[in-house]
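Undergrad: Okay, so here is run22.cif, and as you'll see once you scroll down, it has mmCIF, C-alpha atoms and all ligand atoms.
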```cif
data_model
loop_
_atom_site.label_atom_id
_atom_site.label_comp_id
_atom_site.auth_asym_id
_atom_site.auth_seq_id
_atom_site.Cartn_x
_atom_site.Cartn_y
_atom_site.Cartn_z
CA MET A 12 0.00 0.00 0.00
CA LYS A 13 1.27 3.45 -0.94
CA ILE A 14 1.08 6.54 1.28
CA ILE A 15 0.82 9.70 -0.78
CA ARG A 16 1.04 13.11 0.91
CA SER A 17 1.24 15.50 -2.02
CA PRO A 18 -1.89 16.40 -4.04
CA GLN A 19 0.21 16.62 -7.22
CA GLU A 20 1.64 13.14 -6.72
CA MET A 21 -1.86 11.80 -6.03
CA THR A 22 -3.18 13.20 -9.31
CA VAL A 23 -0.24 11.76 -11.27
CA TRP A 24 -0.90 8.31 -9.74
CA SER A 25 -4.59 8.57 -10.68
CA GLN A 26 -3.77 9.65 -14.23
CA GLU A 27 -1.52 6.59 -14.59
CA GLN A 28 -4.39 4.33 -13.48
CA ALA A 29 -6.74 5.95 -16.00
CA LEU A 30 -4.17 5.47 -18.79
CA ALA A 31 -3.84 1.79 -17.82
CA GLY A 32 -7.64 1.46 -17.95
CA ARG A 33 -8.03 0.85 -14.21
CA THR A 34 -10.97 2.35 -12.34
CA ILE A 35 -10.62 4.08 -8.97
CA GLY A 36 -13.03 3.67 -6.07
CA PHE A 37 -12.59 6.42 -3.49
CA VAL A 38 -13.43 6.58 0.22
CA PRO A 39 -12.93 10.04 1.76
CA THR A 40 -12.38 9.85 5.55
CA MET A 41 -11.08 11.75 8.53
CA GLY A 42 -9.34 8.61 9.83
CA PHE A 43 -9.51 6.70 13.12
CA PHE A 44 -11.00 3.78 11.27
CA HIS A 45 -13.67 1.47 12.61
CA GLU A 46 -15.66 -1.33 10.98
CA GLY A 47 -17.92 1.28 9.30
CA HIS A 48 -14.97 2.75 7.36
CA LEU A 49 -13.68 -0.72 6.47
CA ALA A 50 -17.10 -1.65 5.06
CA LEU A 51 -16.93 1.41 2.76
CA MET A 52 -13.44 0.41 1.62
CA ARG A 53 -14.52 -3.18 0.92
CA ARG A 54 -17.51 -1.88 -1.07
CA ALA A 55 -15.24 0.41 -3.11
CA GLY A 56 -13.00 -2.62 -3.79
CA GLU A 57 -15.96 -4.64 -5.07
CA LEU A 58 -16.94 -1.86 -7.48
CA ALA A 59 -13.57 -0.60 -8.78
CA ASP A 60 -10.11 -1.93 -9.69
CA GLN A 61 -8.19 0.19 -7.18
CA VAL A 62 -9.21 1.75 -3.86
CA VAL A 63 -7.94 5.13 -2.71
CA VAL A 64 -8.75 6.32 0.82
CA SER A 65 -8.16 9.91 1.83
CA LEU A 66 -7.31 10.59 5.45
CA PHE A 67 -7.63 14.27 6.22
CA VAL A 68 -9.16 15.91 9.28
CA ASN A 69 -10.55 18.86 7.38
CA PRO A 70 -10.37 22.04 9.51
CA THR A 71 -12.91 24.00 7.44
CA GLN A 72 -15.84 21.76 8.39
CA PHE A 73 -15.38 22.24 12.17
CA GLY A 74 -16.96 25.17 14.00
CA PRO A 75 -14.85 27.24 16.45
CA GLN A 76 -16.29 25.40 19.50
CA GLU A 77 -16.04 21.94 17.93
CA ASP A 78 -13.62 19.04 18.39
CA LEU A 79 -11.02 19.69 15.64
CA THR A 80 -7.99 19.41 17.96
CA ALA A 81 -9.49 16.58 20.03
CA TYR A 82 -10.56 14.55 16.97
CA PRO A 83 -9.04 11.05 17.45
CA ARG A 84 -6.02 10.25 15.29
CA ASP A 85 -3.86 7.10 14.94
CA PHE A 86 -2.18 6.97 11.56
CA GLU A 87 -0.26 3.72 12.10
CA ARG A 88 -3.37 1.81 13.16
CA ASP A 89 -5.34 3.29 10.24
CA GLN A 90 -2.60 2.27 7.83
CA ALA A 91 -2.67 -1.36 9.05
CA LEU A 92 -6.48 -1.52 8.87
CA ALA A 93 -6.67 -0.04 5.36
CA ASP A 94 -3.95 -2.43 4.21
CA SER A 95 -5.91 -5.39 5.64
CA VAL A 96 -8.87 -4.67 3.33
CA GLY A 97 -6.78 -4.22 0.18
CA VAL A 98 -6.58 -0.41 -0.13
CA GLU A 99 -3.94 0.60 -2.73
CA VAL A 100 -3.35 4.19 -1.66
CA ILE A 101 -3.87 6.30 1.44
CA PHE A 102 -3.86 9.94 0.45
CA ALA A 103 -2.98 11.84 3.63
CA PRO A 104 -2.17 15.48 2.89
CA GLU A 105 -1.36 18.18 5.46
CA ALA A 106 -3.71 21.17 5.81
CA GLU A 107 -1.03 23.40 4.20
CA ASP A 108 -1.05 21.15 1.11
CA MET A 109 -4.83 21.25 0.82
CA TYR A 110 -5.18 24.99 1.53
CA PRO A 111 -1.80 26.50 0.57
CA TYR A 112 -3.36 29.97 0.11
CA GLY A 113 -6.04 29.57 2.82
CA ALA A 114 -9.60 28.51 2.04
CA LYS A 115 -10.47 31.41 -0.27
CA THR A 116 -12.91 29.55 -2.53
CA ALA A 117 -15.88 27.63 -1.19
CA VAL A 118 -18.55 25.32 -2.58
CA THR A 119 -21.95 25.94 -1.00
CA VAL A 120 -24.93 23.69 -1.68
CA GLY A 121 -28.36 25.40 -1.51
CA GLU A 122 -30.29 26.02 1.72
CA GLU A 123 -32.95 23.43 0.83
CA LEU A 124 -30.45 20.67 1.64
CA THR A 125 -28.14 22.46 4.06
CA GLY A 126 -30.44 24.85 5.94
CA GLN A 127 -31.82 22.36 8.47
CA LEU A 128 -30.79 19.37 10.67
CA CYS A 129 -26.98 19.48 11.14
CA GLY A 130 -26.85 22.65 8.99
CA THR A 131 -28.62 24.58 11.78
CA SER A 132 -26.50 23.39 14.68
CA ARG A 133 -23.24 23.39 12.69
CA PRO A 134 -23.25 26.58 10.57
CA GLY A 135 -20.75 26.42 7.70
CA HIS A 136 -20.19 22.70 8.20
CA PHE A 137 -21.60 21.58 4.85
CA THR A 138 -19.72 24.28 2.96
CA GLY A 139 -16.54 22.90 4.54
CA VAL A 140 -17.54 19.36 3.52
CA ALA A 141 -18.63 20.25 -0.03
CA THR A 142 -15.45 22.27 -0.61
CA VAL A 143 -13.05 19.61 0.63
CA VAL A 144 -14.86 16.80 -1.20
CA SER A 145 -14.74 18.88 -4.43
CA LYS A 146 -11.01 19.36 -3.95
CA LEU A 147 -10.52 15.66 -3.21
CA PHE A 148 -12.51 14.68 -6.32
CA ASN A 149 -10.31 17.00 -8.42
CA ILE A 150 -7.12 15.58 -6.91
CA VAL A 151 -8.02 11.86 -6.80
CA ARG A 152 -10.22 11.80 -9.95
CA PRO A 153 -12.17 8.72 -8.89
CA ASP A 154 -14.75 6.86 -10.97
CA LEU A 155 -16.90 6.30 -7.91
CA ALA A 156 -16.92 7.32 -4.25
CA VAL A 157 -18.51 5.53 -1.29
CA PHE A 158 -20.04 7.43 1.65
CA GLY A 159 -21.81 6.16 4.77
CA GLU A 160 -25.55 6.65 5.10
CA LYS A 161 -25.09 7.48 8.81
CA ASP A 162 -24.18 10.97 7.58
CA PHE A 163 -27.43 11.02 5.67
CA GLN A 164 -27.54 14.80 5.11
CA GLN A 165 -23.88 14.85 4.04
CA LEU A 166 -24.63 12.14 1.46
CA ALA A 167 -27.56 14.16 0.05
CA VAL A 168 -25.38 17.30 -0.12
CA ILE A 169 -22.56 15.45 -1.89
CA ARG A 170 -24.93 13.84 -4.39
CA GLN A 171 -26.39 17.26 -5.23
CA MET A 172 -22.97 18.90 -5.53
CA THR A 173 -21.63 16.07 -7.72
CA THR A 174 -24.57 16.44 -10.10
CA ASP A 175 -24.61 20.24 -10.10
CA LEU A 176 -20.86 20.56 -10.73
CA ASN A 177 -20.68 17.68 -13.26
CA PHE A 178 -17.96 15.80 -11.42
CA GLY A 179 -18.81 12.60 -13.24
CA VAL A 180 -18.20 10.59 -10.06
CA LYS A 181 -20.74 7.88 -9.19
CA ILE A 182 -21.82 8.36 -5.57
CA ILE A 183 -22.58 5.16 -3.65
CA GLY A 184 -24.33 5.21 -0.26
CA HIS A 185 -23.49 2.44 2.21
CA PRO A 186 -25.93 1.36 4.97
CA VAL A 187 -25.12 2.30 8.58
CA ILE A 188 -22.81 -0.19 10.29
CA ARG A 189 -23.80 -0.81 13.92
CA GLU A 190 -22.33 -2.31 17.06
CA LYS A 191 -24.06 -5.51 18.27
CA ASP A 192 -26.38 -3.47 20.52
CA GLY A 193 -27.35 -1.10 17.71
CA LEU A 194 -25.10 1.92 18.35
CA ALA A 195 -24.12 3.40 14.98
CA MET A 196 -20.34 3.18 14.55
CA SER A 197 -18.59 6.54 14.70
CA SER A 198 -15.06 7.73 15.46
CA ARG A 199 -16.69 10.01 18.05
CA ASN A 200 -17.94 6.97 20.05
CA THR A 201 -14.39 6.81 21.46
CA TYR A 202 -15.18 9.98 23.47
CA LEU A 203 -17.89 8.10 25.44
CA GLN A 204 -17.32 6.98 29.05
CA PRO A 205 -19.03 3.62 29.91
CA LYS A 206 -22.13 5.31 31.43
CA GLU A 207 -22.36 7.71 28.48
CA ARG A 208 -22.18 4.72 26.13
CA GLU A 209 -25.50 3.52 27.66
CA SER A 210 -27.08 6.92 27.01
CA ALA A 211 -25.75 6.89 23.44
CA LEU A 212 -28.02 3.90 22.81
CA SER A 213 -30.99 6.29 23.14
CA LEU A 214 -30.64 7.13 19.44
CA PHE A 215 -30.93 3.58 18.11
CA ARG A 216 -33.64 2.74 20.65
CA ALA A 217 -35.60 5.84 19.59
CA LEU A 218 -35.42 4.66 15.98
CA ALA A 219 -36.74 1.24 17.04
CA MET A 220 -39.48 2.90 19.10
CA ALA A 221 -40.50 5.11 16.16
CA ARG A 222 -40.79 2.02 13.95
CA THR A 223 -43.06 0.34 16.49
CA LEU A 224 -45.26 3.44 16.86
CA VAL A 225 -45.55 3.86 13.08
CA ALA A 226 -46.42 0.16 12.69
CA GLU A 227 -49.20 0.75 15.25
CA GLY A 228 -50.60 3.42 12.94
CA LYS A 229 -49.20 6.60 14.57
CA ARG A 230 -48.02 8.75 11.68
CA ASP A 231 -48.34 12.30 12.95
CA ALA A 232 -44.73 13.61 12.97
CA ALA A 233 -45.34 16.24 15.66
CA GLN A 234 -46.90 13.72 18.07
CA LEU A 235 -44.20 11.14 17.37
CA THR A 236 -41.53 13.79 18.01
CA VAL A 237 -42.97 14.57 21.46
CA GLU A 238 -42.98 10.87 22.42
CA LEU A 239 -39.45 10.31 21.11
CA GLU A 240 -38.10 13.39 22.88
CA ARG A 241 -39.55 12.19 26.19
CA PHE A 242 -37.99 8.77 25.58
CA ILE A 243 -34.51 10.10 24.68
CA LEU A 244 -34.47 12.50 27.65
CA SER A 245 -35.15 9.55 29.99
CA PHE A 246 -31.50 8.50 29.37
CA PRO A 247 -29.07 10.27 31.76
CA GLY A 248 -27.16 13.26 30.38
CA THR A 249 -28.96 13.47 27.04
CA ALA A 250 -29.97 16.72 25.32
CA VAL A 251 -31.81 16.65 22.01
CA ASP A 252 -30.27 18.69 19.21
CA TYR A 253 -32.95 17.61 16.74
CA ILE A 254 -35.57 14.93 16.14
CA SER A 255 -36.83 15.39 12.62
CA PHE A 256 -39.02 13.43 10.24
CA VAL A 257 -37.89 14.44 6.76
CA ASP A 258 -38.38 13.37 3.16
CA GLN A 259 -35.46 11.18 2.02
CA PHE A 260 -34.96 13.17 -1.21
CA THR A 261 -35.71 16.81 -0.31
CA LEU A 262 -34.75 16.62 3.42
CA GLN A 263 -37.78 18.82 4.12
CA PRO A 264 -39.83 18.06 7.27
CA VAL A 265 -43.01 16.06 6.73
CA ALA A 266 -46.24 16.29 8.73
CA GLU A 267 -47.23 12.63 8.20
CA VAL A 268 -44.81 9.69 8.09
CA ASN A 269 -44.80 7.77 4.79
CA LYS A 270 -42.50 5.27 3.06
CA ASP A 271 -40.06 8.02 1.99
CA THR A 272 -39.71 9.44 5.49
CA VAL A 273 -36.40 9.29 7.31
CA LEU A 274 -36.18 9.92 11.03
CA ALA A 275 -33.02 11.97 11.63
CA LEU A 276 -31.65 12.32 15.17
CA ALA A 277 -28.87 14.32 16.81
CA VAL A 278 -28.30 13.99 20.55
CA LYS A 279 -25.63 15.47 22.81
CA ILE A 280 -24.39 13.37 25.70
CA ASN A 281 -23.32 15.35 28.78
CA GLY A 282 -22.90 18.44 26.61
CA ARG A 283 -19.71 16.90 25.17
CA VAL A 284 -20.35 14.21 22.62
CA ARG A 285 -22.71 14.93 19.76
CA LEU A 286 -24.01 11.79 18.00
CA ILE A 287 -26.26 11.39 14.98
CA ASP A 288 -28.28 8.51 13.60
CA ASN A 289 -31.11 8.05 11.11
CA GLY A 290 -33.28 5.50 9.42
CA PHE A 291 -36.53 4.79 7.66
CA VAL A 292 -39.42 4.19 10.01
CA ASP A 293 -42.19 2.87 7.79
CA GLU A 294 -42.30 -0.93 7.46
CA LYS A 295 -42.98 -0.52 3.72
CA THR A 296 -39.38 0.68 3.24
CA LEU A 297 -37.69 -1.37 5.98
O1 LIG B 1 -17.58 12.05 6.61
C1 LIG B 1 -16.42 12.46 6.78
O2 LIG B 1 -15.57 11.81 7.39
C2 LIG B 1 -16.03 13.85 6.26
O3 LIG B 1 -17.08 14.73 6.37
C3 LIG B 1 -15.48 13.81 4.82
C4 LIG B 1 -16.52 13.33 3.83
C5 LIG B 1 -14.27 12.91 4.76
C6 LIG B 1 -15.04 15.21 4.40
O4 LIG B 1 -14.04 15.70 5.21
#
```
Could you express the structure from this file as structure tokens?
TA:
Amino acid sequence: MKIIRSPQEMTVWSQEQALAGRTIGFVPTMGFFHEGHLALMRRAGELADQVVVSLFVNPTQFGPQEDLTAYPRDFERDQALADSVGVEVIFAPEAEDMYPYGAKTAVTVGEELTGQLCGTSRPGHFTGVATVVSKLFNIVRPDLAVFGEKDFQQLAVIRQMTTDLNFGVKIIGHPVIREKDGLAMSSRNTYLQPKERESALSLFRALAMARTLVAEGKRDAAQLTVELERFILSFPGTAVDYISFVDQFTLQPVAEVNKDTVLALAVKINGRVRLIDNGFVDEKTL
């Protein structure tokens, strides 16, 4: 497995693959790999000849009060894990290589997709994501890119941006990978103390509860939200950032749950660890 640090060298490598007729499957990451990341890499390997993984903790998608400096990092461990699933290249640039003149140009996807859910509690976050993913697409020049559906809004934003800016990259969504007890895998789970880990289960359990309520015929989003909020707050240390029933394509809130409705959740544990999860809630789509 190759480690490439320079954007120029990365592009040259990709051009060589294109000339040799080999396709590139790309998995953009911020590192500290868990089984969720490895599943994306394996999927990319099934769909393309070569897999490139970027490992870059992108400063422009973190707000001033967020966890940029605390974000977990372990390059050696990541290298071994990526190697174990057949990744050909880890592209791991420094911030100075990605933004040599500062971040003077930005890609912003319209308010319809970015103006709610995580876009409200993390202003500027999706511009940071769309900009860095655009830059990564230009540097790596993949045929396809695989993103996790846990970051459901991010996936919608990237799909829109890829279409609007004619990147010609096929975007593949991968289902959420969960721990045995249902907790969605996330690098941020490493911040959780054992007691907080129990409270983190409130998200998955709320999804399960919503499915049961919908199966019983309760489809009014406002009423369901009240019940789910009460349930989540019964776990110690939880604060709800949002509970939102939205359309899977437009991300706009819905009044009545239907087969295209996704329940999106963001919960803070002890004011420190912000976790998200989402899923369909109607048995017709499950
Ligand atoms: O999902 C992530 O890890 C990041 O938002 C991404 C897509 C790698 C961009 O920095």
Undergrad: Looking at all atoms listed in the file, which of A:Asp94, A:Glu77, A:Asp89, A:Glu209 is the one that sits closest to Met41 (chain A)?
TA: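 Comparing A:Asp94, A:Glu77, A:Asp89, A:Glu209 against Met41 (chain A), the winner is A:Asp89.
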Undergrad: Give me the residues within 8 Å of Ser213 (chain A) as a ChimeraX atom specification, counting all atoms listed in the file and dropping any in the same chain fewer than 6 places off.
TA: /A:242-243,246
Undergrad: Rounded to one decimal in Å, what is the spacing between CA of Ala59 (chain A) and CA of Asp288 (chain A)?
TA: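 These atoms are spaced 28.3 Å apart.
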Undergrad: Just the number, please: distance in Å from CA of Phe178 (chain A) to CA of Glu20 (chain A), one decimal.
TA: 20.3 Å
Undergrad: List as a PyMOL selection string the protein and nucleic acid residues near Arg88 (chain A), meaning an atom at most 12 Å away when only C-alpha atoms are counted, but skip any in the same chain fewer than 4 places from it.
TA: chain A and resi 42-45+83-84+92-95
Undergrad: Please identify the residues whose atoms come within 8 Å of ligand LIG 1 (chain B), using all atoms listed in the file, and report them as a PyMOL selection string.
TA: chain A and resi 38-42+65-69+72+139-141+143-144+158-159+162+165
Undergrad: Please provide the set of residues having any atom within 12 Å of region 147-154 of chain A, restricted to all atoms listed in the file, with same-chain residues fewer than 5 positions apart removed, written as a VMD selection string.
TA: chain A and resid 15 to 29 32 to 40 55 58 to 67 69 100 to 104 108 to 110 140 to 142 169 172 to 173 176 to 183
Undergrad: If you keep C-alpha atoms, can you produce a file of those selected residues as an mmCIF file, in the coordinates of the input?
TA:
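Wrote it out as again.cif, contents follow:
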```cif
data_model
loop_
_atom_site.group_PDB
_atom_site.id
_atom_site.type_symbol
_atom_site.label_atom_id
_atom_site.label_comp_id
_atom_site.auth_asym_id
_atom_site.auth_seq_id
_atom_site.Cartn_x
_atom_site.Cartn_y
_atom_site.Cartn_z
ATOM 1 C CA ILE A 15 0.820 9.700 -0.780
ATOM 2 C CA ARG A 16 1.040 13.110 0.910
ATOM 3 C CA SER A 17 1.240 15.500 -2.020
ATOM 4 C CA PRO A 18 -1.890 16.400 -4.040
ATOM 5 C CA GLN A 19 0.210 16.620 -7.220
ATOM 6 C CA GLU A 20 1.640 13.140 -6.720
ATOM 7 C CA MET A 21 -1.860 11.800 -6.030
ATOM 8 C CA THR A 22 -3.180 13.200 -9.310
ATOM 9 C CA VAL A 23 -0.240 11.760 -11.270
ATOM 10 C CA TRP A 24 -0.900 8.310 -9.740
ATOM 11 C CA SER A 25 -4.590 8.570 -10.680
ATOM 12 C CA GLN A 26 -3.770 9.650 -14.230
ATOM 13 C CA GLU A 27 -1.520 6.590 -14.590
ATOM 14 C CA GLN A 28 -4.390 4.330 -13.480
ATOM 15 C CA ALA A 29 -6.740 5.950 -16.000
ATOM 16 C CA GLY A 32 -7.640 1.460 -17.950
ATOM 17 C CA ARG A 33 -8.030 0.850 -14.210
ATOM 18 C CA THR A 34 -10.970 2.350 -12.340
ATOM 19 C CA ILE A 35 -10.620 4.080 -8.970
ATOM 20 C CA GLY A 36 -13.030 3.670 -6.070
ATOM 21 C CA PHE A 37 -12.590 6.420 -3.490
ATOM 22 C CA VAL A 38 -13.430 6.580 0.220
ATOM 23 C CA PRO A 39 -12.930 10.040 1.760
ATOM 24 C CA THR A 40 -12.380 9.850 5.550
ATOM 25 C CA ALA A 55 -15.240 0.410 -3.110
ATOM 26 C CA LEU A 58 -16.940 -1.860 -7.480
ATOM 27 C CA ALA A 59 -13.570 -0.600 -8.780
ATOM 28 C CA ASP A 60 -10.110 -1.930 -9.690
ATOM 29 C CA GLN A 61 -8.190 0.190 -7.180
ATOM 30 C CA VAL A 62 -9.210 1.750 -3.860
ATOM 31 C CA VAL A 63 -7.940 5.130 -2.710
ATOM 32 C CA VAL A 64 -8.750 6.320 0.820
ATOM 33 C CA SER A 65 -8.160 9.910 1.830
ATOM 34 C CA LEU A 66 -7.310 10.590 5.450
ATOM 35 C CA PHE A 67 -7.630 14.270 6.220
ATOM 36 C CA ASN A 69 -10.550 18.860 7.380
ATOM 37 C CA VAL A 100 -3.350 4.190 -1.660
ATOM 38 C CA ILE A 101 -3.870 6.300 1.440
ATOM 39 C CA PHE A 102 -3.860 9.940 0.450
ATOM 40 C CA ALA A 103 -2.980 11.840 3.630
ATOM 41 C CA PRO A 104 -2.170 15.480 2.890
ATOM 42 C CA ASP A 108 -1.050 21.150 1.110
ATOM 43 C CA MET A 109 -4.830 21.250 0.820
ATOM 44 C CA TYR A 110 -5.180 24.990 1.530
ATOM 45 C CA VAL A 140 -17.540 19.360 3.520
ATOM 46 C CA ALA A 141 -18.630 20.250 -0.030
ATOM 47 C CA THR A 142 -15.450 22.270 -0.610
ATOM 48 C CA ILE A 169 -22.560 15.450 -1.890
ATOM 49 C CA MET A 172 -22.970 18.900 -5.530
ATOM 50 C CA THR A 173 -21.630 16.070 -7.720
ATOM 51 C CA LEU A 176 -20.860 20.560 -10.730
ATOM 52 C CA ASN A 177 -20.680 17.680 -13.260
ATOM 53 C CA PHE A 178 -17.960 15.800 -11.420
ATOM 54 C CA GLY A 179 -18.810 12.600 -13.240
ATOM 55 C CA VAL A 180 -18.200 10.590 -10.060
ATOM 56 C CA LYS A 181 -20.740 7.880 -9.190
ATOM 57 C CA ILE A 182 -21.820 8.360 -5.570
ATOM 58 C CA ILE A 183 -22.580 5.160 -3.650
#
```
Undergrad: Could you work out how far CA of Leu128 (chain A) lies from CA of Val225 (chain A), giving the answer in Å with one decimal?
TA: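 If I compute the distance from CA of Val225 (chain A) to CA of Leu128 (chain A), I get 21.5 Å.
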Undergrad: May I have the protein, DNA and RNA residues with any atom at most 12 Å from the point (-20.0, 17.7, 27.3), counting all atoms listed in the file, written as an mmCIF file with C-alpha atoms, in the coordinates of the input?
TA:
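Written output follows (out.cif):
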```cif
data_model
loop_
_atom_site.group_PDB
_atom_site.id
_atom_site.type_symbol
_atom_site.label_atom_id
_atom_site.label_comp_id
_atom_site.auth_asym_id
_atom_site.auth_seq_id
_atom_site.Cartn_x
_atom_site.Cartn_y
_atom_site.Cartn_z
ATOM 1 C CA GLN A 76 -16.290 25.400 19.500
ATOM 2 C CA GLU A 77 -16.040 21.940 17.930
ATOM 3 C CA ASP A 78 -13.620 19.040 18.390
ATOM 4 C CA TYR A 202 -15.180 9.980 23.470
ATOM 5 C CA LEU A 203 -17.890 8.100 25.440
ATOM 6 C CA GLN A 204 -17.320 6.980 29.050
ATOM 7 C CA GLU A 207 -22.360 7.710 28.480
ATOM 8 C CA GLY A 248 -27.160 13.260 30.380
ATOM 9 C CA THR A 249 -28.960 13.470 27.040
ATOM 10 C CA ALA A 250 -29.970 16.720 25.320
ATOM 11 C CA VAL A 278 -28.300 13.990 20.550
ATOM 12 C CA LYS A 279 -25.630 15.470 22.810
ATOM 13 C CA ILE A 280 -24.390 13.370 25.700
ATOM 14 C CA ASN A 281 -23.320 15.350 28.780
ATOM 15 C CA GLY A 282 -22.900 18.440 26.610
ATOM 16 C CA ARG A 283 -19.710 16.900 25.170
ATOM 17 C CA VAL A 284 -20.350 14.210 22.620
ATOM 18 C CA ARG A 285 -22.710 14.930 19.760
ATOM 19 C CA LEU A 286 -24.010 11.790 18.000
#
```
Undergrad: Mind running region 130-186 of chain A against region 261-267 of chain A at 12 Å and telling me each contacting residue's nearest atom pair with the distance in Å (one decimal), counting only C-alpha atoms, chain and number ascending, as CSV?
TA:
```
residue,atom,partner,partner_atom,distance
A:Gly130,CA,A:Leu262,CA,11.4
A:Phe163,CA,A:Leu262,CA,9.5
A:Gln164,CA,A:Leu262,CA,7.6
A:Gln165,CA,A:Leu262,CA,11.0
A:Leu166,CA,A:Leu262,CA,11.2
A:Ala167,CA,A:Leu262,CA,8.3
A:Val168,CA,A:Leu262,CA,10.0
A:Arg170,CA,A:Thr261,CA,11.9
A:Gln171,CA,A:Thr261,CA,10.5
```
Undergrad: Which one of A:Ala219, A:Met196, A:Ala275, A:Val268 sits closest to Gln234 (chain A) if you count only C-alpha atoms?
TA: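 The shortest atom-to-atom distance to Gln234 (chain A) comes from A:Val268.
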Undergrad: May I ask which of the residues A:Ala50, A:Met220, A:Val273, A:Leu235 is the closest one to Val96 (chain A), counting only C-alpha atoms?
TA: A:Ala50
Undergrad: Counting all atoms listed in the file, write as a list in words all protein and nucleic acid residues lying at most 12 Å from (-31.0, 2.2, 21.7) in the file's frame.
TA: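 Collected hits near the coordinates: Arg189, Glu190, Lys191, Asp192, Gly193, Leu194, Ala195, Arg208, Glu209, Ser210, Ala211, Leu212, Ser213, Leu214, Phe215, Arg216, Ala217, Leu218, Ala219, Met220, Ala221, Leu239, Phe242, Ile243, Ser245, Phe246 and Asp288 of chain A.
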Undergrad: Once you add 5 Å to each side, what are the centre and edge lengths of the axis-aligned box holding all listed atoms of region 192-200 of chain A? One decimal in Å, as lines of an AutoDock Vina configuration file, if you can.
TA:
```
center_x = -21.2
center_y = 3.3
center_z = 17.5
size_x = 22.3
size_y = 23.5
size_z = 16.0
```
Undergrad: Quick one: region 40-52 of chain A with N, CA, C and O atoms, as a CSV table (one decimal), keeping the file's coordinate frame?
TA:
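To be explicit, this is the file written out as out09.csv:
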```
chain,number,residue,atom,x,y,z
A,40,THR,N,-12.2,10.1,4.1
A,40,THR,CA,-12.4,9.8,5.6
A,40,THR,C,-11.6,10.9,6.3
A,40,THR,O,-10.7,11.6,5.8
A,41,MET,N,-11.9,10.9,7.6
A,41,MET,CA,-11.1,11.8,8.5
A,41,MET,C,-10.3,10.8,9.5
A,41,MET,O,-9.8,11.2,10.5
A,42,GLY,N,-10.2,9.5,9.1
A,42,GLY,CA,-9.3,8.6,9.8
A,42,GLY,C,-10.0,8.1,11.1
A,42,GLY,O,-11.2,8.2,11.3
A,43,PHE,N,-9.1,7.4,11.9
A,43,PHE,CA,-9.5,6.7,13.1
A,43,PHE,C,-10.6,5.6,12.8
A,43,PHE,O,-11.7,5.7,13.2
A,44,PHE,N,-10.1,4.7,11.9
A,44,PHE,CA,-11.0,3.8,11.3
A,44,PHE,C,-11.7,2.8,12.2
A,44,PHE,O,-11.1,2.4,13.2
A,45,HIS,N,-12.9,2.5,11.9
A,45,HIS,CA,-13.7,1.5,12.6
A,45,HIS,C,-14.3,0.6,11.5
A,45,HIS,O,-14.1,0.9,10.3
A,46,GLU,N,-15.1,-0.4,11.9
A,46,GLU,CA,-15.7,-1.3,11.0
A,46,GLU,C,-16.5,-0.6,9.9
A,46,GLU,O,-16.6,-1.1,8.8
A,47,GLY,N,-17.1,0.5,10.3
A,47,GLY,CA,-17.9,1.3,9.3
A,47,GLY,C,-17.1,1.7,8.1
A,47,GLY,O,-17.4,1.6,7.0
A,48,HIS,N,-15.9,2.3,8.4
A,48,HIS,CA,-15.0,2.8,7.4
A,48,HIS,C,-14.5,1.6,6.5
A,48,HIS,O,-14.5,1.6,5.3
A,49,LEU,N,-14.2,0.4,7.2
A,49,LEU,CA,-13.7,-0.7,6.5
A,49,LEU,C,-14.7,-1.3,5.5
A,49,LEU,O,-14.4,-1.7,4.4
A,50,ALA,N,-16.0,-1.2,5.9
A,50,ALA,CA,-17.1,-1.6,5.1
A,50,ALA,C,-17.2,-0.8,3.8
A,50,ALA,O,-17.4,-1.3,2.7
A,51,LEU,N,-16.9,0.5,3.9
A,51,LEU,CA,-16.9,1.4,2.8
A,51,LEU,C,-15.8,1.1,1.8
A,51,LEU,O,-15.9,1.0,0.6
A,52,MET,N,-14.6,0.8,2.4
A,52,MET,CA,-13.4,0.4,1.6
A,52,MET,C,-13.7,-0.9,0.9
A,52,MET,O,-13.3,-1.0,-0.3
```
